[in-house]
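Coordinates from work_1.txt are shown below (compact mmCIF, C-alpha atoms and all ligand atoms).
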```txt
# COMPACT_ATOMS: atom_id res chain seq x y z
CA MET P 1 -17.61 8.99 15.88
CA ILE P 2 -16.64 6.93 12.86
CA LYS P 3 -17.98 3.39 12.88
CA PHE P 4 -16.05 0.88 10.82
CA GLY P 5 -16.12 -2.72 9.70
CA ILE P 6 -13.25 -4.96 8.70
CA ILE P 7 -12.50 -7.72 6.20
CA GLY P 8 -9.50 -9.93 6.98
CA THR P 9 -8.54 -11.23 10.41
CA ASN P 10 -4.76 -11.38 10.25
CA TRP P 11 -2.26 -9.31 12.31
CA ILE P 12 -2.39 -6.35 9.91
CA THR P 13 -6.09 -5.83 10.64
CA LYS P 14 -5.35 -5.88 14.37
CA GLN P 15 -2.71 -3.19 13.85
CA PHE P 16 -5.16 -1.10 11.84
CA ILE P 17 -7.92 -1.47 14.45
CA GLU P 18 -5.56 -0.38 17.24
CA ALA P 19 -4.57 2.70 15.23
CA ALA P 20 -8.21 3.48 14.38
CA GLN P 21 -9.38 3.04 17.97
CA SER P 22 -6.63 5.39 19.14
CA VAL P 23 -8.23 8.19 17.09
CA GLY P 24 -11.68 7.33 18.44
CA TRP P 25 -13.15 5.06 15.78
CA GLN P 26 -15.53 2.29 16.83
CA LEU P 27 -15.26 -1.22 15.41
CA THR P 28 -18.84 -2.42 14.90
CA SER P 29 -18.62 -5.25 12.36
CA VAL P 30 -16.26 -8.09 11.50
CA TYR P 31 -16.48 -10.17 8.33
CA SER P 32 -14.72 -13.51 8.13
CA ARG P 33 -15.28 -16.64 6.08
CA LYS P 34 -15.80 -18.54 9.33
CA SER P 35 -17.95 -17.47 12.25
CA VAL P 36 -15.53 -18.86 14.84
CA THR P 37 -12.63 -16.89 13.34
CA ALA P 38 -14.69 -13.69 13.37
CA GLN P 39 -15.81 -14.27 16.96
CA GLN P 40 -12.30 -14.99 18.25
CA PHE P 41 -10.92 -11.99 16.39
CA ALA P 42 -13.70 -9.60 17.49
CA ALA P 43 -13.36 -10.70 21.13
CA GLN P 44 -10.03 -8.84 21.35
CA PHE P 45 -11.75 -5.53 20.66
CA GLY P 46 -14.97 -5.48 22.67
CA THR P 47 -18.34 -7.15 22.99
CA ALA P 48 -20.76 -5.06 20.92
CA ILE P 49 -19.33 -6.17 17.58
CA ASP P 50 -21.52 -7.83 14.95
CA ILE P 51 -20.19 -10.89 13.18
CA TYR P 52 -20.82 -11.67 9.52
CA THR P 53 -19.88 -14.59 7.29
CA ASP P 54 -21.81 -13.38 4.26
CA LEU P 55 -20.29 -10.37 2.51
CA SER P 56 -23.56 -9.02 1.07
CA THR P 57 -25.20 -9.11 4.50
CA PHE P 58 -22.10 -7.47 6.02
CA PHE P 59 -22.44 -4.53 3.65
CA ALA P 60 -26.25 -4.38 3.70
CA GLN P 61 -26.78 -4.67 7.46
CA GLY P 62 -23.45 -3.67 9.06
CA ASN P 63 -23.71 -0.50 11.15
CA PHE P 64 -20.64 1.26 9.72
CA THR P 65 -19.71 3.95 7.21
CA VAL P 66 -16.12 2.83 6.50
CA VAL P 67 -14.74 -0.58 5.66
CA TYR P 68 -11.09 -1.56 5.99
CA ILE P 69 -10.22 -4.34 3.53
CA ALA P 70 -7.17 -6.50 4.27
CA SER P 71 -7.96 -9.64 2.29
CA PRO P 72 -5.64 -11.33 -0.26
CA ASN P 73 -4.80 -8.88 -3.09
CA SER P 74 -6.97 -10.48 -5.77
CA LEU P 75 -10.11 -9.88 -3.68
CA HIS P 76 -9.53 -6.16 -3.06
CA PHE P 77 -11.21 -5.01 -6.26
CA SER P 78 -14.46 -6.96 -6.01
CA GLN P 79 -14.83 -6.30 -2.27
CA ALA P 80 -14.13 -2.57 -2.65
CA LYS P 81 -16.59 -2.37 -5.54
CA GLN P 82 -19.25 -4.14 -3.51
CA ALA P 83 -18.59 -1.76 -0.60
CA LEU P 84 -18.83 1.38 -2.74
CA LEU P 85 -22.06 0.17 -4.31
CA ALA P 86 -23.43 -0.47 -0.81
CA GLY P 87 -22.71 3.17 0.13
CA LYS P 88 -19.58 2.57 2.23
CA ASN P 89 -16.31 4.48 2.23
CA VAL P 90 -13.35 2.22 1.55
CA ILE P 91 -9.85 1.89 2.95
CA VAL P 92 -8.22 -0.92 1.02
CA GLU P 93 -4.81 -2.40 1.70
CA LYS P 94 -2.07 -2.01 -0.85
CA PRO P 95 -2.03 -2.98 -3.67
CA ALA P 96 -5.57 -1.63 -4.10
CA CYS P 97 -6.08 -3.40 -7.44
CA SER P 98 -4.48 -6.26 -9.39
CA ASN P 99 -4.17 -4.26 -12.63
CA SER P 100 -5.08 -1.03 -14.44
CA ALA P 101 -8.41 -2.35 -15.73
CA GLU P 102 -9.62 -2.89 -12.17
CA MET P 103 -8.40 0.56 -11.13
CA LYS P 104 -10.21 2.16 -14.08
CA SER P 105 -13.39 0.43 -13.02
CA ILE P 106 -13.03 1.78 -9.46
CA ILE P 107 -12.39 5.32 -10.74
CA LYS P 108 -15.51 5.09 -12.92
CA LEU P 109 -17.54 3.99 -9.92
CA LEU P 110 -16.18 6.85 -7.80
CA ARG P 111 -17.14 9.35 -10.51
CA GLN P 112 -20.67 7.92 -10.45
CA HIS P 113 -20.77 8.19 -6.63
CA PRO P 114 -18.90 11.42 -5.83
CA ASN P 115 -19.74 11.30 -2.12
CA ARG P 116 -17.86 8.05 -1.51
CA TYR P 117 -14.28 8.00 -0.28
CA TYR P 118 -11.73 5.42 -1.38
CA PHE P 119 -8.19 5.21 -0.03
CA GLU P 120 -5.33 2.88 -0.81
CA ALA P 121 -3.66 2.15 2.54
CA ALA P 122 -0.09 2.96 1.52
CA ARG P 123 1.01 3.59 5.10
CA HIS P 124 4.49 5.05 4.46
CA PHE P 125 3.11 7.65 2.02
CA HIS P 126 1.36 9.36 4.96
CA GLU P 127 4.32 9.44 7.31
CA PRO P 128 5.91 12.83 8.12
CA LEU P 129 9.40 11.61 7.08
CA PHE P 130 8.10 10.71 3.62
CA LYS P 131 7.10 14.36 3.20
CA THR P 132 10.46 15.50 4.62
CA VAL P 133 12.21 13.59 1.82
CA THR P 134 9.97 15.33 -0.73
CA GLN P 135 11.02 18.71 0.73
CA GLN P 136 14.71 17.82 0.91
CA ILE P 137 14.81 16.76 -2.74
CA LYS P 138 13.48 20.20 -3.71
CA HIS P 139 16.68 21.71 -2.21
CA PHE P 140 18.89 19.71 -4.59
CA THR P 141 19.96 21.87 -7.51
CA THR P 142 20.75 18.70 -9.45
CA LEU P 143 19.04 15.35 -9.04
CA GLN P 144 21.00 12.33 -10.20
CA GLY P 145 18.84 9.38 -9.30
CA ALA P 146 18.39 6.96 -6.45
CA ASN P 147 18.89 3.41 -5.26
CA LEU P 148 15.96 2.24 -3.16
CA THR P 149 15.90 -1.16 -1.46
CA TYR P 150 13.10 -2.98 0.34
CA MET P 151 13.75 -6.69 0.85
CA LYS P 152 12.22 -8.66 3.71
CA TYR P 153 12.20 -12.43 4.15
CA SER P 154 8.52 -13.34 4.19
CA SER P 155 7.13 -15.28 7.13
CA ARG P 156 5.30 -17.30 4.42
CA TYR P 157 8.42 -18.25 2.43
CA ASP P 158 9.26 -21.25 4.61
CA ALA P 159 5.85 -22.71 3.74
CA PHE P 160 6.44 -21.99 0.05
CA LEU P 161 9.83 -23.75 0.21
CA ALA P 162 8.09 -26.69 1.86
CA GLY P 163 5.75 -27.04 -1.15
CA ALA P 164 2.72 -24.94 -0.13
CA GLU P 165 1.47 -21.89 -2.03
CA PRO P 166 0.61 -19.09 0.43
CA ASN P 167 -1.54 -16.30 -1.02
CA VAL P 168 1.31 -13.81 -1.14
CA PHE P 169 3.34 -16.17 -3.37
CA SER P 170 0.39 -17.03 -5.60
CA LEU P 171 -0.55 -15.79 -9.08
CA ASP P 172 -4.19 -16.67 -8.31
CA PHE P 173 -4.18 -14.18 -5.44
CA SER P 174 -2.23 -11.47 -7.34
CA GLY P 175 0.77 -11.88 -5.05
CA GLY P 176 4.52 -11.58 -5.60
CA ALA P 177 7.31 -9.31 -4.48
CA LEU P 178 6.45 -6.46 -6.85
CA GLN P 179 2.83 -6.29 -5.72
CA ASP P 180 3.63 -6.77 -2.06
CA LEU P 181 6.80 -4.69 -1.50
CA GLY P 182 7.46 -3.06 -4.86
CA VAL P 183 4.26 -1.09 -4.37
CA TYR P 184 5.97 0.88 -1.57
CA LEU P 185 8.96 1.69 -3.78
CA ALA P 186 6.66 2.70 -6.63
CA TYR P 187 5.03 5.20 -4.27
CA ASN P 188 8.50 6.49 -3.33
CA ALA P 189 9.66 6.87 -6.92
CA ILE P 190 6.49 8.44 -8.30
CA SER P 191 6.10 10.85 -5.37
CA TRP P 192 9.72 11.96 -5.37
CA PHE P 193 10.73 11.79 -9.05
CA GLY P 194 7.49 11.63 -11.03
CA TYR P 195 6.31 9.01 -13.52
CA PRO P 196 9.31 7.50 -15.37
CA GLN P 197 9.81 7.67 -19.13
CA GLN P 198 10.65 3.97 -19.28
CA ALA P 199 10.43 1.20 -16.73
CA THR P 200 11.73 -2.38 -16.76
CA TYR P 201 11.37 -5.17 -14.21
CA TYR P 202 13.91 -8.00 -13.96
CA PRO P 203 12.16 -10.49 -11.68
CA TYR P 204 13.52 -13.67 -10.17
CA LYS P 205 10.62 -16.05 -10.62
CA LEU P 206 9.87 -18.93 -8.26
CA ARG P 207 8.66 -22.41 -9.31
CA ASN P 208 5.07 -21.25 -9.99
CA GLY P 209 6.06 -18.18 -11.99
CA ILE P 210 5.52 -15.68 -9.19
CA ASP P 211 8.27 -13.13 -8.54
CA GLY P 212 10.10 -13.78 -5.29
CA SER P 213 12.46 -10.86 -5.79
CA GLY P 214 13.65 -8.56 -8.53
CA THR P 215 15.18 -5.31 -9.71
CA VAL P 216 13.34 -2.45 -11.37
CA ILE P 217 15.10 0.19 -13.44
CA LEU P 218 13.22 3.43 -13.96
CA ASN P 219 14.58 5.78 -16.63
CA TYR P 220 14.02 9.52 -16.23
CA THR P 221 15.27 12.26 -18.57
CA THR P 222 18.53 12.91 -16.72
CA PHE P 223 18.91 10.00 -14.31
CA ASN P 224 17.93 6.44 -13.41
CA VAL P 225 16.29 5.08 -10.28
CA THR P 226 16.90 1.48 -9.24
CA LEU P 227 14.46 -0.40 -7.04
CA ASN P 228 15.63 -3.59 -5.31
CA LEU P 229 12.80 -5.63 -3.85
CA GLY P 230 12.34 -9.12 -2.53
CA LYS P 231 10.52 -11.45 -0.17
CA THR P 232 13.03 -14.31 -0.19
CA ALA P 233 15.95 -12.59 1.57
CA ASN P 234 16.62 -9.80 4.03
CA SER P 235 18.51 -6.66 3.03
CA TYR P 236 20.01 -4.25 5.52
CA LEU P 237 21.17 -1.77 2.86
CA PRO P 238 20.20 1.84 3.36
CA SER P 239 18.70 3.68 0.38
CA GLU P 240 20.16 6.78 -1.27
CA ILE P 241 19.01 9.73 -3.34
CA TYR P 242 21.77 11.55 -5.22
CA GLY P 243 22.23 15.29 -5.69
CA LEU P 244 25.42 16.64 -7.29
CA LYS P 245 27.83 16.42 -4.37
CA GLU P 246 25.34 15.63 -1.65
CA ALA P 247 23.23 12.54 -0.97
CA LEU P 248 20.20 11.77 1.16
CA VAL P 249 20.47 8.50 3.07
CA LEU P 250 17.30 6.72 4.17
CA ASP P 251 17.47 3.81 6.59
CA ASN P 252 14.53 2.17 4.77
CA PRO P 253 12.27 3.74 2.12
CA ALA P 254 9.18 1.83 3.25
CA GLU P 255 9.83 1.86 7.00
CA LEU P 256 11.56 5.21 7.19
CA THR P 257 12.80 6.11 10.68
CA SER P 258 16.02 8.02 9.95
CA LEU P 259 16.98 10.51 7.26
CA THR P 260 20.55 11.78 6.90
CA LEU P 261 22.16 14.27 4.53
CA MET P 262 25.75 13.62 3.47
CA ASP P 263 27.13 16.98 2.37
CA GLU P 264 29.84 17.70 -0.20
CA GLN P 265 32.50 17.51 2.52
CA GLN P 266 31.15 14.02 3.30
CA GLN P 267 29.88 15.24 6.65
CA SER P 268 26.74 13.60 7.94
CA HIS P 269 23.74 15.67 9.16
CA LEU P 270 20.77 13.99 10.76
CA ILE P 271 17.70 15.61 9.14
CA ALA P 272 14.92 13.78 10.94
CA GLN P 273 14.13 10.72 13.01
CA ALA P 274 10.76 9.11 13.67
CA ALA P 275 9.66 8.07 17.15
CA PRO P 276 8.38 4.48 17.31
CA GLU P 277 4.59 4.25 16.97
CA ASN P 278 1.98 2.05 15.36
CA PRO P 279 3.08 2.13 11.67
CA MET P 280 -0.52 2.69 10.55
CA LEU P 281 -1.18 5.69 12.77
CA ALA P 282 -0.06 8.35 10.28
CA GLU P 283 -2.41 7.11 7.55
CA VAL P 284 -5.25 6.64 10.02
CA ARG P 285 -4.83 10.24 11.22
CA ASP P 286 -5.01 11.41 7.60
CA PHE P 287 -8.08 9.28 6.82
CA ASN P 288 -9.71 10.44 10.05
CA GLU P 289 -9.21 14.10 9.20
CA ILE P 290 -11.02 13.57 5.92
CA LEU P 291 -13.75 11.20 7.02
CA THR P 292 -14.78 13.33 10.00
CA ASP P 293 -15.42 16.25 7.64
CA PRO P 294 -16.30 14.57 4.35
CA ALA P 295 -18.15 17.54 2.81
CA ASN P 296 -15.11 19.82 3.12
CA LEU P 297 -13.87 20.55 -0.40
CA ASP P 298 -10.22 20.60 0.74
CA ASN P 299 -10.71 17.07 2.04
CA LYS P 300 -12.23 15.93 -1.22
CA GLN P 301 -9.26 17.39 -3.05
CA LYS P 302 -6.81 15.61 -0.73
CA MET P 303 -8.42 12.28 -1.50
CA GLU P 304 -8.31 13.06 -5.22
CA ASP P 305 -4.60 13.91 -4.97
CA TRP P 306 -3.81 10.65 -3.15
CA LEU P 307 -5.96 8.72 -5.59
CA ALA P 308 -4.05 10.25 -8.51
CA VAL P 309 -0.81 8.86 -7.03
CA ALA P 310 -2.45 5.48 -6.41
CA VAL P 311 -3.55 5.38 -10.06
CA GLN P 312 -0.01 6.07 -11.28
CA VAL P 313 1.44 3.46 -8.92
CA ASN P 314 -1.09 0.94 -10.18
CA ARG P 315 -0.27 1.82 -13.80
CA LEU P 316 3.47 1.41 -13.18
CA LEU P 317 3.08 -1.92 -11.35
CA THR P 318 0.79 -3.26 -14.08
CA HIS P 319 3.28 -2.26 -16.78
CA LEU P 320 6.31 -3.69 -14.92
CA ARG P 321 4.63 -6.98 -14.12
CA GLN P 322 3.01 -7.60 -17.49
CA THR P 323 6.12 -6.69 -19.51
CA ALA P 324 8.08 -9.09 -17.29
CA GLY P 325 5.69 -11.87 -18.32
CA ILE P 326 3.89 -12.27 -15.00
CA LYS P 327 0.20 -12.77 -15.71
CA PHE P 328 -2.51 -12.97 -13.06
CA PRO P 329 -5.86 -14.71 -13.57
CA ALA P 330 -7.29 -11.31 -12.53
CA ASP P 331 -5.86 -9.89 -15.77
CA GLU P 332 -8.00 -12.25 -17.85
CA LEU P 333 -11.12 -11.41 -15.87
CA ALA P 334 -10.36 -7.71 -16.30
CA GLU P 335 -10.08 -8.14 -20.09
CA ILE P 336 -13.63 -9.53 -20.37
N1 LIG I 401 0.22 -2.10 5.28
C1 LIG I 401 1.00 -3.06 5.71
O1 LIG I 401 1.98 -2.83 6.40
C2 LIG I 401 0.64 -4.48 5.36
C3 LIG I 401 1.26 -5.53 6.02
C4 LIG I 401 0.85 -6.84 5.71
C5 LIG I 401 -0.13 -7.04 4.76
N2 LIG I 401 -0.69 -5.99 4.12
C6 LIG I 401 -1.73 -6.20 3.10
O2 LIG I 401 -2.87 -6.73 3.75
C7 LIG I 401 -3.53 -7.65 2.91
C8 LIG I 401 -3.70 -8.97 3.65
O3 LIG I 401 -2.42 -9.53 3.82
P1 LIG I 401 -2.26 -10.85 4.70
O4 LIG I 401 -0.85 -11.22 4.66
O5 LIG I 401 -2.94 -10.66 6.01
O6 LIG I 401 -3.11 -11.86 3.79
P2 LIG I 401 -3.69 -13.31 4.11
O7 LIG I 401 -3.23 -13.74 5.45
O8 LIG I 401 -3.41 -14.18 2.95
O9 LIG I 401 -5.25 -13.05 4.14
C9 LIG I 401 -5.83 -12.02 4.91
C10 LIG I 401 -7.22 -12.44 5.36
O10 LIG I 401 -8.02 -12.73 4.24
C11 LIG I 401 -8.79 -13.90 4.48
N3 LIG I 401 -8.39 -14.93 3.51
C12 LIG I 401 -7.27 -15.69 3.52
N4 LIG I 401 -7.27 -16.56 2.50
C13 LIG I 401 -8.40 -16.32 1.82
C14 LIG I 401 -8.98 -16.90 0.67
N5 LIG I 401 -8.39 -17.91 0.03
N6 LIG I 401 -10.17 -16.43 0.25
C15 LIG I 401 -10.81 -15.44 0.92
N7 LIG I 401 -10.32 -14.86 2.02
C16 LIG I 401 -9.13 -15.29 2.47
C17 LIG I 401 -8.50 -14.36 5.90
O11 LIG I 401 -9.52 -13.88 6.74
P3 LIG I 401 -10.71 -14.86 7.22
O12 LIG I 401 -10.10 -16.19 7.49
O13 LIG I 401 -11.19 -14.17 8.44
O14 LIG I 401 -11.71 -14.87 6.11
C18 LIG I 401 -7.20 -13.66 6.23
O15 LIG I 401 -7.12 -13.25 7.58
C19 LIG I 401 -2.68 -7.77 1.63
O16 LIG I 401 -3.26 -6.99 0.63
C20 LIG I 401 -1.33 -7.21 2.03
O17 LIG I 401 -0.67 -6.57 0.95
C21 LIG I 401 -0.34 -4.71 4.42
```

Please rewrite the model in this file as structure tokens.
Amino acid sequence: MIKFGIIGTNWITKQFIEAAQSVGWQLTSVYSRKSVTAQQFAAQFGTAIDIYTDLSTFFAQGNFTVVYIASPNSLHFSQAKQALLAGKNVIVEKPACSNSAEMKSIIKLLRQHPNRYYFEAARHFHEPLFKTVTQQIKHFTTLQGANLTYMKYSSRYDAFLAGAEPNVFSLDFSGGALQDLGVYLAYNAISWFGYPQQATYYPYKLRNGIDGSGTVILNYTTFNVTLNLGKTANSYLPSEIYGLKEALVLDNPAELTSLTLMDEQQQSHLIAQAAPENPMLAEVRDFNEILTDPANLDNKQKMEDWLAVAVQVNRLLTHLRQTAGIKFPADELAEI
């Protein structure tokens, strides 16, 4: 049975724990900055859970082999690095790193410790419908681009409008719409169309310079892909991938539940629908398959393949953000 520890005590960690418990994992250790927060959080999941408020002690003494990290983005890198050095396998929330320099440092560490596993928790990438899209695109004789939209009004935006600076809207915490939601669309684009030849981000910046929303244009040899992303408004637009006379219609590229093909006669064919389930279950099943048989070479290869996509996503996000003039304090640290 896989024993795991967690960092971060918000709703997303609860969702992850429920998914992990459903495949038989045991939560043994909770880290929080405050003991009372950790205790209240752990109480929802059982009694035999150790509480830690010191990260080094958590990694040194915690009885677990896997850590799930769901802290603010800017902390992912240092916490994952600490975990890997302490001999733990890592599942880190998206975006795994603030920039390419951090990602390079993680890759170097993984090469030095080939038995460790490291996953970016890009939940939609593991869903069956994501793979169905990949297959459907292969049937297109001509590919003519896509318009992908993921815009959700953030529960933290009211606070931002009222003058506060929640982590997700903060440069200090490597936040912003591109990092938070654009990461999903970057996974879509790179998995389905490859790495673009050119990429430009047109952000709408908020009062502190963070991107609240924006449009990305990705140029490929024979087509363009447009990504619309934002945390300051809701969009109900479906997304589309264009063949010659046919088009694939996705209800939402990051929360994909329905995939339809519009044929050249403009007839609609439902290709696949997803049954409602915990959105993190698909990735947890994938991670479980690997972590329960870590010495299996096929499993090692799977992780390498996913990591290769994560590296490209990270490279694209770093390029888009930095060329749009959005600089994180983490970028300066990474340059040292
Ligand atoms: N996969 C998904 O669907 C999904 C959905 C939402 C979020 N996420 C990802 O999950 C991560 C966490 O997102 P979130 O919205 O939960 O973030 P958050 O609320 O800002 O912070 C998450 C946790 O980190 C700790 N924390 C908060 N502020 C901190 C600070 N200043 N310094 C150190 N620790 C701090 C808190 O835990 P303690 O108080 O216990 O220390 C908090 O519960 C992000 O990377 C986000 O992208 C993923």

**Asked** For ligand LIG 401 (chain I), which residue out of P:Ser174, P:Ser268, P:Gln136, P:Thr28 is the nearest one, using all atoms listed in the file?
**Response**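 Of all the options, P:Ser174 lies closest to ligand LIG 401 (chain I).
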
Would you compute an axis-aligned box for ligand LIG 401 (chain I), covering every atom listed for it in the file with 6 Å of margin on each side, and report centre and edge lengths in Å to one decimal as lines of an AutoDock Vina configuration file?
```
center_x = -4.9
center_y = -10.0
center_z = 4.2
size_x = 25.7
size_y = 27.8
size_z = 20.4
```

Could I get the residues of chain P with an atom no further than 7 Å from an atom of ligand LIG 401 (chain I), each paired with its nearest atom pair and that distance in Å to one decimal, using all atoms listed in the file, sorted by chain and residue number, as CSV?
```
residue,atom,partner,partner_atom,distance
P:Ile7,CA,I:LIG401,O11,6.9
P:Gly8,CA,I:LIG401,C10,3.8
P:Thr9,CA,I:LIG401,O15,3.8
P:Asn10,CA,I:LIG401,O15,4.0
P:Trp11,CA,I:LIG401,O5,6.5
P:Ile12,CA,I:LIG401,C4,5.3
P:Tyr31,CA,I:LIG401,O13,6.6
P:Ser32,CA,I:LIG401,O13,3.6
P:Arg33,CA,I:LIG401,O14,4.0
P:Lys34,CA,I:LIG401,O14,6.4
P:Thr37,CA,I:LIG401,O13,5.8
P:Ala38,CA,I:LIG401,O13,6.1
P:Ala70,CA,I:LIG401,C7,4.1
P:Ser71,CA,I:LIG401,O10,3.7
P:Pro72,CA,I:LIG401,O9,4.7
P:Asn73,CA,I:LIG401,O16,4.4
P:Glu93,CA,I:LIG401,O16,5.0
P:Lys94,CA,I:LIG401,O17,5.1
P:Pro95,CA,I:LIG401,O17,6.0
P:Ala121,CA,I:LIG401,N1,6.4
P:Ala122,CA,I:LIG401,N1,6.3
P:Arg123,CA,I:LIG401,N1,5.7
P:Pro166,CA,I:LIG401,O8,6.8
P:Asn167,CA,I:LIG401,O8,4.9
P:Val168,CA,I:LIG401,O8,6.3
P:Asp180,CA,I:LIG401,O17,5.3
```

**Message:** Residues near Met151 (chain P), anyone? I mean within 8 Å using only C-alpha atoms, not counting same-chain ones fewer than 3 positions away, as a PyMOL selection string.
**Reply:** chain P and resi 181+213+228-235

**Request:** Would you mind reading off the distance between CA of Leu248 (chain P) and CA of Tyr202 (chain P), one decimal, in Å?
**Result:**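 These two atoms are separated by 25.7 Å.
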
**Request:** Take CA of Glu102 (chain P) and CA of Gly87 (chain P) and report the distance between them in Å, one decimal.
**Result:** 19.0 Å

**Asked** Can you tell me, as a PyMOL selection string, what residues are no more than 9 Å from His319 (chain P) when counting only C-alpha atoms, ignoring any on the same chain fewer than 4 positions away?
**Response** chain P and resi 99-100+199-201+314-315+323-324

Quick one: everything within 10 Å of Asp286 (chain P), counting all atoms listed in the file, minus sequence neighbours fewer than 6 positions away in the same chain. Send it as a PDB file with C-alpha atoms, keeping the file's coordinate frame.
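So selection26.pdb came out as:
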```pdb
ATOM      1  CA  HIS P 126       1.360   9.360   4.960  1.00  0.00           C
ATOM      2  CA  GLU P 127       4.320   9.440   7.310  1.00  0.00           C
ATOM      3  CA  ASN P 299     -10.710  17.070   2.040  1.00  0.00           C
ATOM      4  CA  LYS P 302      -6.810  15.610  -0.730  1.00  0.00           C
ATOM      5  CA  MET P 303      -8.420  12.280  -1.500  1.00  0.00           C
TER       6      MET P 303
END
```

**Message:** Which residues are close to Glu283 (chain P), i.e. within 12 Å by only C-alpha atoms, leaving aside same-chain residues fewer than 3 positions away? Reply as a ChimeraX atom specification.
**Reply:** /P:16,19-20,23,91-93,119-128,130,278-280,286-290,306

With C-alpha atoms retained, export the selected residues as a PDB file, in the frame of the given file.
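Okay, again24.pdb is ready:
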```pdb
ATOM      1  CA  PHE P  16      -5.160  -1.100  11.840  1.00  0.00           C
ATOM      2  CA  ALA P  19      -4.570   2.700  15.230  1.00  0.00           C
ATOM      3  CA  ALA P  20      -8.210   3.480  14.380  1.00  0.00           C
ATOM      4  CA  VAL P  23      -8.230   8.190  17.090  1.00  0.00           C
ATOM      5  CA  ILE P  91      -9.850   1.890   2.950  1.00  0.00           C
ATOM      6  CA  VAL P  92      -8.220  -0.920   1.020  1.00  0.00           C
ATOM      7  CA  GLU P  93      -4.810  -2.400   1.700  1.00  0.00           C
ATOM      8  CA  PHE P 119      -8.190   5.210  -0.030  1.00  0.00           C
ATOM      9  CA  GLU P 120      -5.330   2.880  -0.810  1.00  0.00           C
ATOM     10  CA  ALA P 121      -3.660   2.150   2.540  1.00  0.00           C
ATOM     11  CA  ALA P 122      -0.090   2.960   1.520  1.00  0.00           C
ATOM     12  CA  ARG P 123       1.010   3.590   5.100  1.00  0.00           C
ATOM     13  CA  HIS P 124       4.490   5.050   4.460  1.00  0.00           C
ATOM     14  CA  PHE P 125       3.110   7.650   2.020  1.00  0.00           C
ATOM     15  CA  HIS P 126       1.360   9.360   4.960  1.00  0.00           C
ATOM     16  CA  GLU P 127       4.320   9.440   7.310  1.00  0.00           C
ATOM     17  CA  PRO P 128       5.910  12.830   8.120  1.00  0.00           C
ATOM     18  CA  PHE P 130       8.100  10.710   3.620  1.00  0.00           C
ATOM     19  CA  ASN P 278       1.980   2.050  15.360  1.00  0.00           C
ATOM     20  CA  PRO P 279       3.080   2.130  11.670  1.00  0.00           C
ATOM     21  CA  MET P 280      -0.520   2.690  10.550  1.00  0.00           C
ATOM     22  CA  ASP P 286      -5.010  11.410   7.600  1.00  0.00           C
ATOM     23  CA  PHE P 287      -8.080   9.280   6.820  1.00  0.00           C
ATOM     24  CA  ASN P 288      -9.710  10.440  10.050  1.00  0.00           C
ATOM     25  CA  GLU P 289      -9.210  14.100   9.200  1.00  0.00           C
ATOM     26  CA  ILE P 290     -11.020  13.570   5.920  1.00  0.00           C
ATOM     27  CA  TRP P 306      -3.810  10.650  -3.150  1.00  0.00           C
TER      28      TRP P 306
END
```

**Asked** Given the choices P:Leu110, P:Leu55, P:Leu75, P:Val67, which gets closest to Leu27 (chain P) if the distance is worked out from all atoms listed in the file?
**Response**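 The shortest atom-to-atom distance to Leu27 (chain P) comes from P:Val67.
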
**Request:** May I have the residues within 12 Å of Thr47 (chain P) as a list in words, using all atoms listed in the file and disregarding those fewer than 6 positions away in the same chain?
**Result:** Gln26, Leu27, Thr28, Ser29, Val30, Gln39, Gln40 and Phe41 of chain P

**Request:** Record the distance separating CA of Tyr52 (chain P) and CA of Val284 (chain P), expressed in Å with one decimal.
**Result:**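 Atom-to-atom, CA of Tyr52 (chain P) and CA of Val284 (chain P) are spaced 24.0 Å apart.
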
Using all atoms listed in the file, list the residues that have an atom at most 12 Å from (-2.8, -12.4, -17.7), coordinates as in the file, as a PDB file with C-alpha atoms, in the coordinates of the input.
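The resulting file, result_2.pdb, is reproduced below:
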```pdb
ATOM      1  CA  SER P  98      -4.480  -6.260  -9.390  1.00  0.00           C
ATOM      2  CA  ASN P  99      -4.170  -4.260 -12.630  1.00  0.00           C
ATOM      3  CA  ALA P 101      -8.410  -2.350 -15.730  1.00  0.00           C
ATOM      4  CA  LEU P 171      -0.550 -15.790  -9.080  1.00  0.00           C
ATOM      5  CA  ASP P 172      -4.190 -16.670  -8.310  1.00  0.00           C
ATOM      6  CA  SER P 174      -2.230 -11.470  -7.340  1.00  0.00           C
ATOM      7  CA  THR P 318       0.790  -3.260 -14.080  1.00  0.00           C
ATOM      8  CA  HIS P 319       3.280  -2.260 -16.780  1.00  0.00           C
ATOM      9  CA  ARG P 321       4.630  -6.980 -14.120  1.00  0.00           C
ATOM     10  CA  GLN P 322       3.010  -7.600 -17.490  1.00  0.00           C
ATOM     11  CA  THR P 323       6.120  -6.690 -19.510  1.00  0.00           C
ATOM     12  CA  ALA P 324       8.080  -9.090 -17.290  1.00  0.00           C
ATOM     13  CA  GLY P 325       5.690 -11.870 -18.320  1.00  0.00           C
ATOM     14  CA  ILE P 326       3.890 -12.270 -15.000  1.00  0.00           C
ATOM     15  CA  LYS P 327       0.200 -12.770 -15.710  1.00  0.00           C
ATOM     16  CA  PHE P 328      -2.510 -12.970 -13.060  1.00  0.00           C
ATOM     17  CA  PRO P 329      -5.860 -14.710 -13.570  1.00  0.00           C
ATOM     18  CA  ALA P 330      -7.290 -11.310 -12.530  1.00  0.00           C
ATOM     19  CA  ASP P 331      -5.860  -9.890 -15.770  1.00  0.00           C
ATOM     20  CA  GLU P 332      -8.000 -12.250 -17.850  1.00  0.00           C
ATOM     21  CA  LEU P 333     -11.120 -11.410 -15.870  1.00  0.00           C
ATOM     22  CA  ALA P 334     -10.360  -7.710 -16.300  1.00  0.00           C
ATOM     23  CA  GLU P 335     -10.080  -8.140 -20.090  1.00  0.00           C
ATOM     24  CA  ILE P 336     -13.630  -9.530 -20.370  1.00  0.00           C
TER      25      ILE P 336
END
```
